[in-house]
Structures are given as structure tokens and as C-alpha cells.
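Data file: protein_39.txt. Format and content: compact mmCIF, C-alpha atoms.
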# COMPACT_ATOMS: atom_id res chain seq x y z
CA MET A 30 44.58 1.70 53.36
CA ASP A 31 42.47 0.48 56.24
CA ILE A 32 40.66 -2.85 56.56
CA SER A 33 37.88 -3.57 58.99
CA ILE A 34 36.89 -7.11 60.00
CA ILE A 35 33.40 -7.34 61.45
CA GLY A 36 33.33 -10.52 63.50
CA ALA A 37 37.07 -10.48 64.18
CA ASN A 38 36.62 -12.67 67.23
CA GLY A 39 35.16 -15.55 65.24
CA SER A 40 37.41 -18.25 63.89
CA THR A 41 37.13 -17.05 60.27
CA GLY A 42 37.67 -13.43 61.31
CA LYS A 43 40.79 -14.38 63.24
CA HIS A 44 42.22 -16.34 60.32
CA ILE A 45 41.51 -13.42 57.98
CA ALA A 46 43.32 -11.00 60.32
CA ASN A 47 46.26 -13.38 60.59
CA ARG A 48 46.50 -13.81 56.81
CA ILE A 49 46.27 -10.05 56.18
CA LEU A 50 49.25 -9.46 58.45
CA LEU A 51 51.13 -12.52 57.19
CA GLU A 52 50.79 -11.38 53.58
CA ARG A 53 51.79 -7.81 54.51
CA ILE A 54 48.74 -6.35 52.78
CA LEU A 55 48.78 -3.47 55.26
CA LEU A 56 51.71 -1.14 55.90
CA PRO A 57 52.71 -0.24 59.48
CA THR A 58 50.96 3.12 58.97
CA ASP A 59 47.73 1.46 57.80
CA ARG A 60 45.02 0.35 60.17
CA LEU A 61 43.37 -2.98 60.80
CA GLN A 62 40.09 -2.59 62.64
CA LEU A 63 38.84 -5.54 64.65
CA VAL A 64 35.11 -5.30 65.24
CA GLY A 65 33.37 -7.49 67.78
CA ARG A 66 30.51 -7.56 70.22
CA ASN A 67 31.00 -5.76 73.49
CA LYS A 68 29.32 -8.49 75.48
CA GLY A 69 30.81 -10.94 77.94
CA SER A 70 34.12 -12.61 77.30
CA SER A 71 33.89 -12.15 73.53
CA GLY A 72 34.52 -8.40 73.65
CA GLN A 73 37.31 -8.70 76.19
CA ALA A 74 39.04 -11.38 74.14
CA LEU A 75 39.49 -8.95 71.26
CA TYR A 76 42.05 -7.00 73.32
CA GLY A 77 43.98 -10.20 73.89
CA PHE A 78 43.77 -11.07 70.20
CA ARG A 79 45.19 -7.65 69.31
CA GLN A 80 48.08 -8.22 71.70
CA ASP A 81 48.72 -11.65 70.19
CA LEU A 82 48.85 -10.14 66.67
CA LYS A 83 51.23 -7.42 67.87
CA ASP A 84 53.47 -10.06 69.46
CA ALA A 85 53.40 -12.17 66.30
CA PHE A 86 54.04 -9.44 63.75
CA ALA A 87 55.93 -6.85 65.84
CA GLU A 88 57.66 -4.23 63.66
CA ARG A 89 55.54 -4.72 60.56
CA CYS A 90 52.24 -4.71 62.41
CA PRO A 91 49.78 -2.03 61.28
CA ILE A 92 47.82 0.07 63.75
CA ILE A 93 45.24 -2.26 65.26
CA ASP A 94 42.02 -0.64 66.33
CA ILE A 95 39.19 -2.25 68.27
CA ALA A 96 35.54 -1.29 67.80
CA PHE A 97 32.33 -2.61 69.29
CA HIS A 98 29.60 -0.58 67.62
CA PRO A 99 28.46 -0.47 63.97
CA GLU A 100 28.84 3.31 63.80
CA GLU A 101 32.54 2.96 64.69
CA VAL A 102 33.29 0.89 61.58
CA VAL A 103 35.46 2.93 59.25
CA ALA A 104 37.78 1.51 56.61
CA ASP A 105 38.42 1.27 52.88
CA ILE A 106 37.63 -2.45 52.81
CA ILE A 107 35.04 -3.84 55.20
CA ILE A 108 34.92 -7.60 55.63
CA MET A 109 31.60 -8.83 56.99
CA ALA A 110 32.39 -12.09 58.77
CA ALA A 111 30.13 -11.78 61.81
CA GLY A 112 27.37 -14.22 62.56
CA SER A 113 26.66 -17.80 63.30
CA THR A 114 27.99 -20.54 61.04
CA ILE A 115 26.47 -23.75 59.78
CA GLN A 116 27.30 -26.21 62.52
CA ALA A 117 28.66 -29.69 62.09
CA HIS A 118 25.75 -32.09 61.84
CA ASN A 119 27.26 -34.91 63.88
CA ALA A 120 25.18 -34.78 67.03
CA PRO A 121 22.06 -36.86 66.38
CA ASP A 122 20.31 -35.65 69.56
CA SER A 123 20.59 -31.96 68.73
CA PRO A 124 19.57 -30.96 65.23
CA PRO A 125 21.72 -28.24 63.65
CA PRO A 126 20.11 -24.86 63.06
CA SER A 127 18.15 -24.82 59.84
CA ARG A 128 19.17 -22.48 57.02
CA ASP A 129 16.17 -20.35 57.91
CA GLU A 130 17.21 -20.08 61.57
CA LEU A 131 20.74 -19.22 60.52
CA ALA A 132 19.41 -16.62 58.09
CA LEU A 133 17.18 -14.93 60.66
CA TYR A 134 19.97 -14.85 63.23
CA ASN A 135 22.62 -13.46 60.88
CA GLN A 136 20.18 -11.02 59.31
CA GLN A 137 19.71 -9.35 62.70
CA ILE A 138 23.47 -9.03 63.06
CA ALA A 139 24.01 -7.61 59.56
CA ILE A 140 21.26 -5.00 59.45
CA PRO A 141 22.76 -2.55 62.03
CA TYR A 142 26.11 -2.65 60.19
CA ALA A 143 24.44 -2.03 56.84
CA GLU A 144 22.44 0.87 58.32
CA ALA A 145 25.54 2.40 59.88
CA LEU A 146 27.39 2.07 56.56
CA ALA A 147 24.56 3.88 54.80
CA LYS A 148 24.69 6.67 57.37
CA TYR A 149 28.43 7.21 57.81
CA SER A 150 30.10 5.92 54.63
CA HIS A 151 31.78 8.28 52.18
CA GLY A 152 30.85 6.08 49.23
CA HIS A 153 34.28 4.61 48.54
CA GLU A 154 34.22 1.60 50.85
CA VAL A 155 34.08 -1.93 49.47
CA VAL A 156 32.21 -4.57 51.47
CA ILE A 157 33.26 -8.20 51.19
CA VAL A 158 30.62 -10.53 52.57
CA VAL A 159 31.74 -13.80 54.12
CA THR A 160 28.77 -14.40 56.43
CA ASN A 161 26.22 -16.98 55.31
CA PRO A 162 23.70 -17.16 53.77
CA VAL A 163 25.92 -14.99 51.61
CA GLU A 164 23.12 -14.06 49.17
CA LEU A 165 21.00 -12.71 52.03
CA ILE A 166 23.78 -10.64 53.58
CA VAL A 167 24.85 -9.29 50.17
CA GLU A 168 21.27 -8.20 49.54
CA ILE A 169 20.98 -6.50 52.95
CA PHE A 170 24.13 -4.44 52.33
CA SER A 171 23.14 -3.76 48.71
CA GLN A 172 19.81 -2.33 49.87
CA HIS A 173 21.62 0.16 52.10
CA TYR A 174 24.71 0.92 50.03
CA ASN A 175 25.97 1.03 46.44
CA ARG A 176 25.42 -2.57 45.28
CA HIS A 177 28.46 -2.36 42.99
CA ARG A 178 30.61 -2.08 46.10
CA VAL A 179 29.21 -5.21 47.79
CA VAL A 180 30.79 -8.53 46.85
CA GLY A 181 29.98 -11.94 48.36
CA MET A 182 32.64 -14.60 48.81
CA GLY A 183 30.57 -17.74 48.16
CA ALA A 184 30.95 -18.27 44.41
CA TYR A 185 34.58 -17.15 44.54
CA GLN A 186 35.41 -19.80 47.09
CA ASP A 187 33.32 -22.44 45.31
CA SER A 188 35.19 -21.63 42.10
CA LEU A 189 38.55 -22.10 43.83
CA ARG A 190 37.34 -25.47 45.12
CA PHE A 191 35.99 -26.47 41.71
CA ARG A 192 39.27 -25.57 40.02
CA ARG A 193 41.20 -27.55 42.58
CA GLU A 194 38.99 -30.60 42.24
CA VAL A 195 39.08 -30.51 38.42
CA ALA A 196 42.87 -30.11 38.56
CA ARG A 197 43.11 -33.07 40.94
CA SER A 198 41.05 -35.31 38.67
CA ILE A 199 43.02 -34.37 35.56
CA ASN A 200 46.32 -34.32 37.46
CA VAL A 201 47.40 -30.77 36.68
CA SER A 202 47.94 -27.80 39.04
CA ARG A 203 45.03 -25.60 40.08
CA GLU A 204 46.73 -22.63 38.41
CA ALA A 205 46.39 -24.46 35.09
CA VAL A 206 42.61 -24.72 35.37
CA HIS A 207 40.32 -21.81 34.66
CA ALA A 208 36.77 -22.52 35.76
CA MET A 209 33.84 -20.93 37.49
CA VAL A 210 30.97 -21.88 39.74
CA LEU A 211 27.92 -19.62 39.57
CA GLY A 212 24.52 -19.61 41.27
CA GLU A 213 23.78 -20.09 44.94
CA HIS A 214 26.45 -20.77 47.56
CA GLY A 215 24.75 -24.00 48.59
CA ASP A 216 22.77 -26.69 46.84
CA GLY A 217 21.95 -24.31 43.99
CA ILE A 218 25.53 -24.10 42.70
CA VAL A 219 26.10 -24.20 38.96
CA PRO A 220 29.46 -25.69 37.94
CA VAL A 221 30.19 -24.12 34.55
CA TRP A 222 31.76 -27.06 32.73
CA SER A 223 31.26 -25.37 29.36
CA GLY A 224 33.72 -22.63 30.35
CA VAL A 225 36.51 -24.84 31.71
CA THR A 226 39.88 -24.29 30.09
CA ILE A 227 43.07 -26.12 30.95
CA GLN A 228 46.43 -24.59 30.18
CA GLY A 229 48.30 -26.67 27.60
CA PHE A 230 45.18 -28.61 26.52
CA SER A 231 43.58 -28.06 23.12
CA ASP A 232 39.81 -27.58 22.99
CA ASN A 233 39.41 -31.18 21.91
CA GLU A 234 41.65 -32.49 24.70
CA THR A 235 39.81 -30.36 27.24
CA ARG A 236 36.42 -31.67 26.10
CA ARG A 237 37.66 -35.26 26.28
CA ALA A 238 39.21 -34.75 29.74
CA ILE A 239 36.03 -33.14 31.08
CA ARG A 240 33.81 -35.88 29.65
CA THR A 241 35.75 -38.52 31.60
CA VAL A 242 35.69 -36.70 34.96
CA ARG A 243 32.37 -34.85 35.27
CA SER A 244 29.47 -36.36 37.21
CA SER A 245 27.00 -36.36 34.36
CA ILE A 246 26.86 -35.43 30.70
CA ARG A 247 23.88 -33.16 31.26
CA SER A 248 24.18 -30.31 33.76
CA THR A 249 20.53 -30.73 34.68
CA ASP A 250 21.36 -34.12 36.23
CA PHE A 251 23.83 -32.50 38.64
CA PRO A 252 21.42 -31.72 41.55
CA ALA A 253 20.08 -35.30 41.64
CA ASN A 254 23.59 -36.79 41.47
CA LEU A 255 24.76 -34.45 44.22
CA SER A 256 21.92 -35.44 46.51
CA LEU A 257 22.49 -39.15 45.84
CA MET A 258 26.22 -39.08 46.48
CA ARG A 259 25.97 -36.84 49.52
CA ASN A 260 23.46 -39.19 51.14
CA GLU A 261 25.72 -42.09 50.34
CA VAL A 262 28.73 -40.48 51.99
CA ILE A 263 26.69 -39.48 55.07
CA LYS A 264 25.63 -43.09 55.55
CA ILE A 265 29.24 -44.26 55.33
CA ALA A 266 30.38 -41.52 57.73
CA GLN A 267 27.73 -42.51 60.28
CA LYS A 268 28.32 -46.21 59.91
CA ASN A 269 32.06 -46.58 59.35
CA GLY A 270 33.58 -43.23 60.32
CA MET A 271 35.21 -40.30 58.59
CA ALA A 272 38.27 -42.12 57.21
CA GLU A 273 36.07 -44.34 55.05
CA ALA A 274 33.79 -41.45 54.16
CA PHE A 275 36.74 -39.45 52.83
CA GLN A 276 37.95 -42.51 50.91
CA LEU A 277 34.58 -42.65 49.17
CA PHE A 278 34.66 -38.88 48.70
CA ASP A 279 37.94 -39.20 46.79
CA THR A 280 36.20 -41.38 44.19
CA PHE A 281 33.50 -38.75 43.47
CA PRO A 282 33.62 -36.54 40.36
CA PRO A 283 35.11 -33.04 40.84
CA ASP A 284 31.82 -31.11 40.64
CA ILE A 285 30.35 -33.33 43.37
CA ARG A 286 33.51 -33.03 45.50
CA THR A 287 33.25 -29.23 45.24
CA MET A 288 29.97 -29.37 47.15
CA VAL A 289 30.48 -32.45 49.33
CA GLY A 290 34.02 -31.45 50.46
CA PRO A 291 33.06 -28.57 52.76
CA PHE A 292 29.96 -30.48 53.87
CA LEU A 293 32.07 -33.46 54.92
CA THR A 294 34.56 -31.15 56.63
CA LEU A 295 31.74 -29.71 58.76
CA PHE A 296 30.33 -33.16 59.34
CA SER A 297 33.69 -34.30 60.74
CA GLY A 298 33.35 -31.67 63.47
CA THR A 299 35.80 -29.10 62.15
CA LYS A 300 35.24 -25.87 60.22
CA THR A 301 36.06 -24.50 56.80
CA ASP A 302 37.45 -21.27 58.24
CA ILE A 303 41.03 -21.56 56.96
CA ALA A 304 39.98 -22.04 53.35
CA THR A 305 37.42 -19.24 53.68
CA ALA A 306 40.00 -16.85 55.13
CA ASN A 307 42.53 -17.70 52.42
CA ALA A 308 39.95 -17.15 49.70
CA THR A 309 38.91 -13.82 51.26
CA VAL A 310 42.48 -12.54 51.39
CA ASP A 311 43.03 -13.80 47.82
CA LEU A 312 40.05 -11.75 46.71
CA ILE A 313 41.34 -8.64 48.49
CA LYS A 314 44.71 -9.06 46.78
CA SER A 315 43.02 -9.40 43.38
CA MET A 316 40.99 -6.27 44.06
CA LEU A 317 44.00 -4.26 45.15
CA SER A 318 46.15 -5.40 42.24
CA GLY A 319 44.75 -2.49 40.22
CA LYS A 320 43.97 -4.81 37.33
CA ASP A 321 40.46 -5.64 36.21
CA THR A 322 39.97 -9.29 37.14
CA VAL A 323 37.14 -11.64 36.23
CA ILE A 324 35.82 -13.71 39.10
CA ALA A 325 32.61 -15.40 40.17
CA ALA A 326 31.09 -13.69 43.19
CA GLN A 327 27.74 -13.09 44.83
CA VAL A 328 26.42 -9.71 43.76
CA SER A 329 22.99 -8.14 43.73
CA LEU A 330 21.98 -8.40 40.08
CA ASN A 331 19.48 -6.06 38.51
CA LYS A 332 18.88 -7.97 35.26
CA GLU A 333 22.49 -7.55 34.06
CA PHE A 334 22.96 -11.31 33.60
CA LEU A 335 20.31 -13.60 32.10
CA ASP A 336 17.72 -11.03 33.16
CA VAL A 337 18.02 -12.15 36.78
CA LYS A 338 17.07 -9.76 39.57
CA ALA A 339 18.48 -11.36 42.73
CA PRO A 340 21.66 -11.67 44.79
CA ILE A 341 23.48 -14.58 43.17
CA GLY A 342 26.90 -15.88 42.14
CA ALA A 343 27.64 -14.28 38.77
CA PRO A 344 30.71 -13.63 36.58
CA VAL A 345 31.88 -10.11 37.40
CA ILE A 346 34.80 -7.82 36.66
CA ILE A 347 36.29 -6.60 39.92
CA SER A 348 38.53 -3.64 40.62
CA PRO A 349 39.46 -1.63 43.73
CA LYS A 350 36.00 -0.04 43.40
CA GLY A 351 34.09 -3.30 43.77
CA TRP A 352 32.42 -4.99 40.80
CA ASP A 353 32.23 -2.82 37.72
CA ALA A 354 30.31 -4.97 35.28
CA ILE A 355 29.20 -8.45 34.37
CA TYR A 356 31.67 -10.47 32.33
CA PRO A 357 29.78 -11.95 29.41
CA VAL A 358 30.03 -15.74 29.59
CA SER A 359 27.91 -18.07 27.54
CA LEU A 360 26.41 -21.01 29.37
CA SER A 361 25.21 -24.30 27.93
CA ASP A 362 21.45 -24.88 27.89
CA GLY A 363 21.71 -27.10 30.98
CA GLU A 364 23.82 -24.59 32.90
CA ASN A 365 21.46 -21.83 31.86
CA HIS A 366 18.54 -23.84 33.22
CA LEU A 367 20.36 -24.57 36.51
CA PHE A 368 21.28 -20.89 36.94
CA LEU A 369 17.71 -19.72 36.43
CA GLU A 370 16.45 -22.41 38.83
CA SER A 371 19.02 -21.26 41.37
CA ALA A 372 17.90 -17.63 40.93
CA ARG A 373 14.25 -18.62 41.37
CA SER A 374 15.10 -20.52 44.56
CA ILE A 375 17.06 -17.53 45.96
CA GLN A 376 14.18 -15.16 45.15
CA GLU A 377 11.81 -17.44 47.07
CA LYS A 378 14.17 -17.48 50.06
CA MET A 379 14.49 -13.69 50.00
CA HIS A 380 10.72 -13.51 50.06
CA THR A 381 10.59 -15.92 53.02
CA TRP A 382 13.27 -13.94 54.85
CA LYS A 383 11.38 -10.71 54.08
CA VAL A 384 14.27 -8.96 52.34
CA MET B 5 39.84 20.18 22.95
CA GLU B 6 38.40 18.91 26.20
CA SER B 7 38.67 21.46 28.97
CA LEU B 8 40.63 20.41 32.04
CA GLU B 9 39.37 23.31 34.10
CA THR B 10 37.62 22.24 37.27
CA GLU B 11 35.99 23.93 40.21
CA ALA B 12 38.31 25.05 42.98
CA VAL B 13 38.64 22.52 45.79
CA PRO B 14 37.74 24.08 49.14
CA GLU B 15 40.23 24.41 51.95
CA GLN B 16 39.43 22.30 54.99
CA VAL B 17 40.54 22.91 58.56
CA LEU B 18 40.71 20.20 61.21
CA VAL B 19 41.33 20.79 64.90
CA LEU B 20 42.64 17.88 66.92
CA ILE B 21 43.56 17.35 70.54
CA VAL B 22 46.37 14.82 70.42
CA ARG B 23 48.72 13.05 72.81
CA ASP B 24 52.09 14.75 73.04
CA GLN B 25 54.17 11.65 72.48
CA PRO B 26 56.62 10.28 69.90
CA GLY B 27 54.90 8.98 66.75
CA THR B 28 51.72 11.04 66.98
CA LEU B 29 52.51 13.30 64.02
CA PHE B 30 53.73 10.31 61.99
CA GLN B 31 50.46 8.40 62.48
CA ILE B 32 48.33 11.43 61.70
CA SER B 33 50.28 12.38 58.60
CA ALA B 34 50.04 8.78 57.34
CA VAL B 35 46.24 9.06 57.27
CA PHE B 36 46.64 11.93 54.80
CA SER B 37 49.58 10.65 52.77
CA ASN B 38 48.10 7.14 52.32
CA ARG B 39 45.13 8.79 50.63
CA GLY B 40 47.09 11.11 48.40
CA ILE B 41 46.23 14.23 50.37
CA SER B 42 48.83 16.89 50.96
CA MET B 43 48.51 18.94 54.13
CA SER B 44 48.90 22.62 53.32
CA SER B 45 49.75 23.56 56.91
CA ILE B 46 50.18 22.02 60.33
CA HIS B 47 50.03 24.23 63.35
CA LEU B 48 51.04 22.74 66.66
CA HIS B 49 50.18 24.89 69.68
CA GLU B 50 53.12 25.23 72.00
CA GLU B 51 51.04 25.30 75.16
CA SER B 52 50.37 21.86 76.50
CA ILE B 53 46.82 20.90 77.49
CA PRO B 54 46.50 18.46 80.40
CA CYS B 55 44.18 15.56 79.58
CA ASN B 56 43.70 13.05 82.40
CA GLY B 57 47.15 13.91 83.70
CA LYS B 58 48.87 13.24 80.36
CA PRO B 59 50.41 15.98 78.22
CA CYS B 60 48.33 16.80 75.15
CA THR B 61 48.43 19.45 72.53
CA ARG B 62 46.18 21.13 69.99
CA LEU B 63 46.92 20.50 66.34
CA VAL B 64 45.37 22.48 63.49
CA ILE B 65 45.69 20.94 60.03
CA ARG B 66 44.71 22.61 56.77
CA PHE B 67 44.33 20.79 53.46
CA PHE B 68 42.47 21.14 50.19
CA GLY B 69 39.73 18.60 49.55
CA GLU B 70 36.03 17.95 49.17
CA ASP B 71 33.78 17.90 52.23
CA SER B 72 33.37 14.13 51.86
CA ARG B 73 37.16 13.75 52.18
CA LYS B 74 37.14 15.79 55.35
CA LYS B 75 34.37 13.61 56.74
CA ILE B 76 36.23 10.35 56.17
CA ILE B 77 39.58 11.82 57.29
CA LEU B 78 37.97 12.93 60.53
CA ARG B 79 36.47 9.50 61.10
CA LEU B 80 39.78 7.80 60.39
CA LEU B 81 41.69 10.17 62.67
CA SER B 82 39.20 9.60 65.46
CA ARG B 83 40.15 5.89 65.44
CA LEU B 84 43.79 6.60 66.32
CA ASP B 85 44.71 6.14 69.99
CA CYS B 86 46.82 9.30 69.89
CA VAL B 87 43.85 11.45 68.82
CA LEU B 88 41.70 12.34 71.82
CA GLU B 89 39.36 14.82 70.18
CA SER B 90 38.71 15.68 66.59
CA GLY B 91 36.58 18.29 64.93
CA ASP B 92 36.48 20.80 62.14
CA SER B 93 36.54 24.54 62.23
CA GLY B 94 33.07 24.99 60.85

So that I can check it, write out the structure of this file as C-alpha cells.
Amino acid sequence: MDISIIGANGSTGKHIANRILLERILLPTDRLQLVGRNKGSSGQALYGFRQDLKDAFAERCPIIDIAFHPEEVVADIIIMAAGSTIQAHNAPDSPPPSRDELALYNQQIAIPYAEALAKYSHGHEVVIVVTNPVELIVEIFSQHYNRHRVVGMGAYQDSLRFRREVARSINVSREAVHAMVLGEHGDGIVPVWSGVTIQGFSDNETRRAIRTVRSSIRSTDFPANLSLMRNEVIKIAQKNGMAEAFQLFDTFPPDIRTMVGPFLTLFSGTKTDIATANATVDLIKSMLSGKDTVIAAQVSLNKEFLDVKAPIGAPVIISPKGWDAIYPVSLSDGENHLFLESARSIQEKMHTWKV
Amino acid sequence: MESLETEAVPEQVLVLIVRDQPGTLFQISAVFSNRGISMSSIHLHEESIPCNGKPCTRLVIRFFGEDSRKKIILRLLSRLDCVLESGDSG
């Protein structure tokens, strides 16, 4: 098996490459393709990165190939991690790029790769999209290639975070919590409280535990609560520093922490690349396990779930071939409303971004 | 009873110019074996071809598979450092 990382010179791309080799996902006869831009120091650095990986993993290192052009990308799994990231918003004099600016920039990077995939693919590749806005990039690839073979990371990573935060509040391990986050990878996330199950808890115990930890009884109150608490933590971060901001963050409910956590991480001046890389490699391992697995991921829906036609985080069954089908989950009325609102918002953005 | 008869899979022929160095055949054969393809014949020309001063040789590989398999195999082989030129017979 061969894996290609587009954007291998970025921090997330590098962490993904490192984790792939660390977890021995590739055999020494397999190939890891590092794809970067052949401009300036960035392209040259890829050769050094390859040497570093060879030094680190020596005998069990797969063949490492370097490519600079979209038409050179060839692999069984293609990880799209190229593009700009949402910058830390801690410099008051220089505003961070807006989501629209980020979208336009990353769209221009993604299109040539999607076009090359359409032209040269043999139809069996799976594309895992890490680049944000993940819905936009998923849609670009889905327009050029079999949409069932394009999977976005956003909802998968949000679900891992949500499970961890719920587990933390209830004081069990993350493995014991089964939960999903659907919708947009951003403010339009939909924490699916109605589907949370905790290993060892009866339905009644689960309901009681959730009632005590969630941010609001009604899902429809979630966006307002999120906005309120995020503004509160920003004020504390600006006034008293990150230590106090994280102390306040620890008191938030798990659904709010799921969203505010990565935001606060970026705000502190660091990135979320390690968690993203780990989640990406986790997803690859699930796909390659040969078992049908249910996950939440961004896919381009064509009315398969709640009649939505948009790229959005949805419950899907994944296999080595990509996503086969939607997993039927029933949402509460509030979650249903949030999901449809999220879909409407994504459709508007797609229209704005001319996709 | 459901018929298991299928159409015959065509034979494909690939011609490669490869570096004459240890490990070349191993890397090339791994591209096939990792994808469940069995090579039906490998023909290595004895005469060496000089390529930029380094010894190279011509390798002809035959296998049975669809055209799409040949296409992807060729693309994968072309990414190996030891493969200098790759093409098919027709």
C-alpha cells in the first residue's frame, strides 16, 4: 500500500508522516509519498525531511518518494493536508485571515490536485481531507472524483474531542464513551447528546449523567451558550493570560469544551497539529482494519441523510473503499434542527465560495 | 446456480529501464505482490545500457490484468528511484 501526503512540509503533514512510520502502517516495500511545493526553501526542505525520517526509522522505513506536482500524486490513500491554517488570533494589530480568505486561498491549492486526481486516478484511491474549511475541500474533490471515496476529518476529530470531554466530566475513559459530533467543522457543530452511550452505565444512569454535565437541556440553546462562553474565555485570556483562561475552560461543560478547546489552543499561539495528525492516522487504521466502522466524517451528501445535499459531518460506515453508506442514527428534535441549520449555513458558504 | 465464468483477463507487457543495482528487482516485484498481482514472466536483458554513466538494464514484465491495473502499476513503478523509464508494449 502507498500513502501520499499532500502538504507534507506543513506541521500537520509532518506529524502525519511521523505517526504513519511510528505506527508501522507501511511495510518497507510500501511507499510514502511526500508532496510539497517546489518553490523556495519549502521544496528543498522536503529532501531534508525525508532524510530525517530515514534516520529516525532506518530499517523499517518504507520507500519515501518526493513529488512537487499534482500529476505526480499516486497512492492508494491520499491525505490532503496542504493549505493555510487558521492562525492564532493573539496579535491585536494584525487581524487573522477570515474564513472566507482562508477558503479562497485553500481552494486554489486544492483544485489542481482534484483535477489531477480526476485525470490520472484508477478509481480505487481514497482521499482523506484534513485541510480547512474541510467541507469546501471535500466538495471540491467530490466534484472531480467518486464522492464515496472522499472523507473529511473534521467531524471525526470533533467526535474524538467530544468523547474525551464527556469522559473527563463523567470520570471514565474515552474508550468507554461512544458519541458523535455531526454538522459543520466549526461553529455549526452538532453534539449528538441523544446518541451518547457509556460503557457500564444503564440508559437511566447515562441520561442522568448527561443531564448533569451538558451545557443546556435543549440542543437549540447550544450555539448561544457556545458564543457566550467563548467570549468570556477570550476576555479572561486577554486580561489575565492563558493560565487563567484554561482554568475557566476546565469549568465549562463538555460540549462547549469540544469547541472552545482547539480555539483556545490556537489563541495561545500554538497549533492543533498533533491532535489532527493522530486523528488522521486513527482514521486510516480504522479504514484499513477491513471491518466496517461507523464514524462521523465530512462527506458530500446527496440527500442520503435528512434530505441534505451538501458536504457536512454525517454518520457514515467506512471501509477500505471510503464511505459506503450512511449509518442510520435518530436525532432529537433539537439536534435535527441544529443539523439542518448547519447544512443551510454550509450551502450558503458554498454558494459564496462559488463551488 | 450462479455462473462463475468471467471474461479472460488480458495479458499486459511492461518495459522498464532500471538501475542495475541490488534491490531493484525486490522493489519492483513488491509493487506487484502488494497488490495481489502475479508476474507471469520477467525478462532481464543481459546487455547493460549506459544511463548517465551508471549501469542500467532493460526489464520486460508480463502479467495478467485489466488495463486500469496496468495504468496504476506503471504510475507506481515510475515513482521508484530505481526505475528510469517505464512504458508498455502497446

Report as an mmCIF file with C-alpha atoms, in the frame of the given file all protein, DNA and RNA residues lying within 10 Å of range 51-54 of chain B, evaluated on all atoms listed in the file, omitting residues in the same chain fewer than 6 positions from it.
data_model
loop_
_atom_site.group_PDB
_atom_site.id
_atom_site.type_symbol
_atom_site.label_atom_id
_atom_site.label_comp_id
_atom_site.auth_asym_id
_atom_site.auth_seq_id
_atom_site.Cartn_x
_atom_site.Cartn_y
_atom_site.Cartn_z
ATOM 1 C CA ILE B 21 43.560 17.350 70.540
ATOM 2 C CA VAL B 22 46.370 14.820 70.420
ATOM 3 C CA ARG B 23 48.720 13.050 72.810
ATOM 4 C CA ASP B 24 52.090 14.750 73.040
ATOM 5 C CA CYS B 60 48.330 16.800 75.150
ATOM 6 C CA THR B 61 48.430 19.450 72.530
ATOM 7 C CA ARG B 62 46.180 21.130 69.990
#

Give me, as CSV, the closest atom pair and its distance (Å, one decimal) for every residue of chain A within a cut-off of 8 Å of chain B, counting only C-alpha atoms, rows sorted by chain and rising number.
residue,atom,partner,partner_atom,distance
A:Met30,CA,B:Asn38,CA,6.6
A:Thr58,CA,B:Ala34,CA,6.0
A:Asp59,CA,B:Ala34,CA,7.7
A:Asp94,CA,B:Arg83,CA,6.9
A:Val103,CA,B:Leu80,CA,6.6
A:Ala104,CA,B:Leu80,CA,7.6
A:Ser150,CA,B:Ile76,CA,7.7
A:His151,CA,B:Ser72,CA,6.1

>> For a quick check of understanding, using all atoms listed in the file, which of A:Asp31, A:Glu168, A:Asp105, A:Glu333 has the smallest distance to His380 in chain A?
In response: A:Glu168

Do you know which residues are at most 8 Å from range 12-18 of chain B counting all atoms listed in the file, after dropping those on the same chain fewer than 2 positions away, and could you put them as a PDB file with C-alpha atoms, keeping the file's coordinate frame?
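Here's the written file out38.pdb:
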ATOM      1  CA  THR B  10      37.620  22.240  37.270  1.00  0.00           C
ATOM      2  CA  LEU B  20      42.640  17.880  66.920  1.00  0.00           C
ATOM      3  CA  VAL B  64      45.370  22.480  63.490  1.00  0.00           C
ATOM      4  CA  ILE B  65      45.690  20.940  60.030  1.00  0.00           C
ATOM      5  CA  ARG B  66      44.710  22.610  56.770  1.00  0.00           C
ATOM      6  CA  PHE B  67      44.330  20.790  53.460  1.00  0.00           C
ATOM      7  CA  PHE B  68      42.470  21.140  50.190  1.00  0.00           C
ATOM      8  CA  GLY B  69      39.730  18.600  49.550  1.00  0.00           C
ATOM      9  CA  GLU B  70      36.030  17.950  49.170  1.00  0.00           C
ATOM     10  CA  ASP B  71      33.780  17.900  52.230  1.00  0.00           C
ATOM     11  CA  LYS B  74      37.140  15.790  55.350  1.00  0.00           C
ATOM     12  CA  LEU B  78      37.970  12.930  60.530  1.00  0.00           C
ATOM     13  CA  SER B  90      38.710  15.680  66.590  1.00  0.00           C
ATOM     14  CA  GLY B  91      36.580  18.290  64.930  1.00  0.00           C
ATOM     15  CA  ASP B  92      36.480  20.800  62.140  1.00  0.00           C
ATOM     16  CA  SER B  93      36.540  24.540  62.230  1.00  0.00           C
TER      17      SER B  93
END

>> Just the number, please: distance in Å from CA of Val221 in chain A to CA of Ser359 in chain A, one decimal.
In response: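 Here the two named atoms are 9.5 Å from each other.
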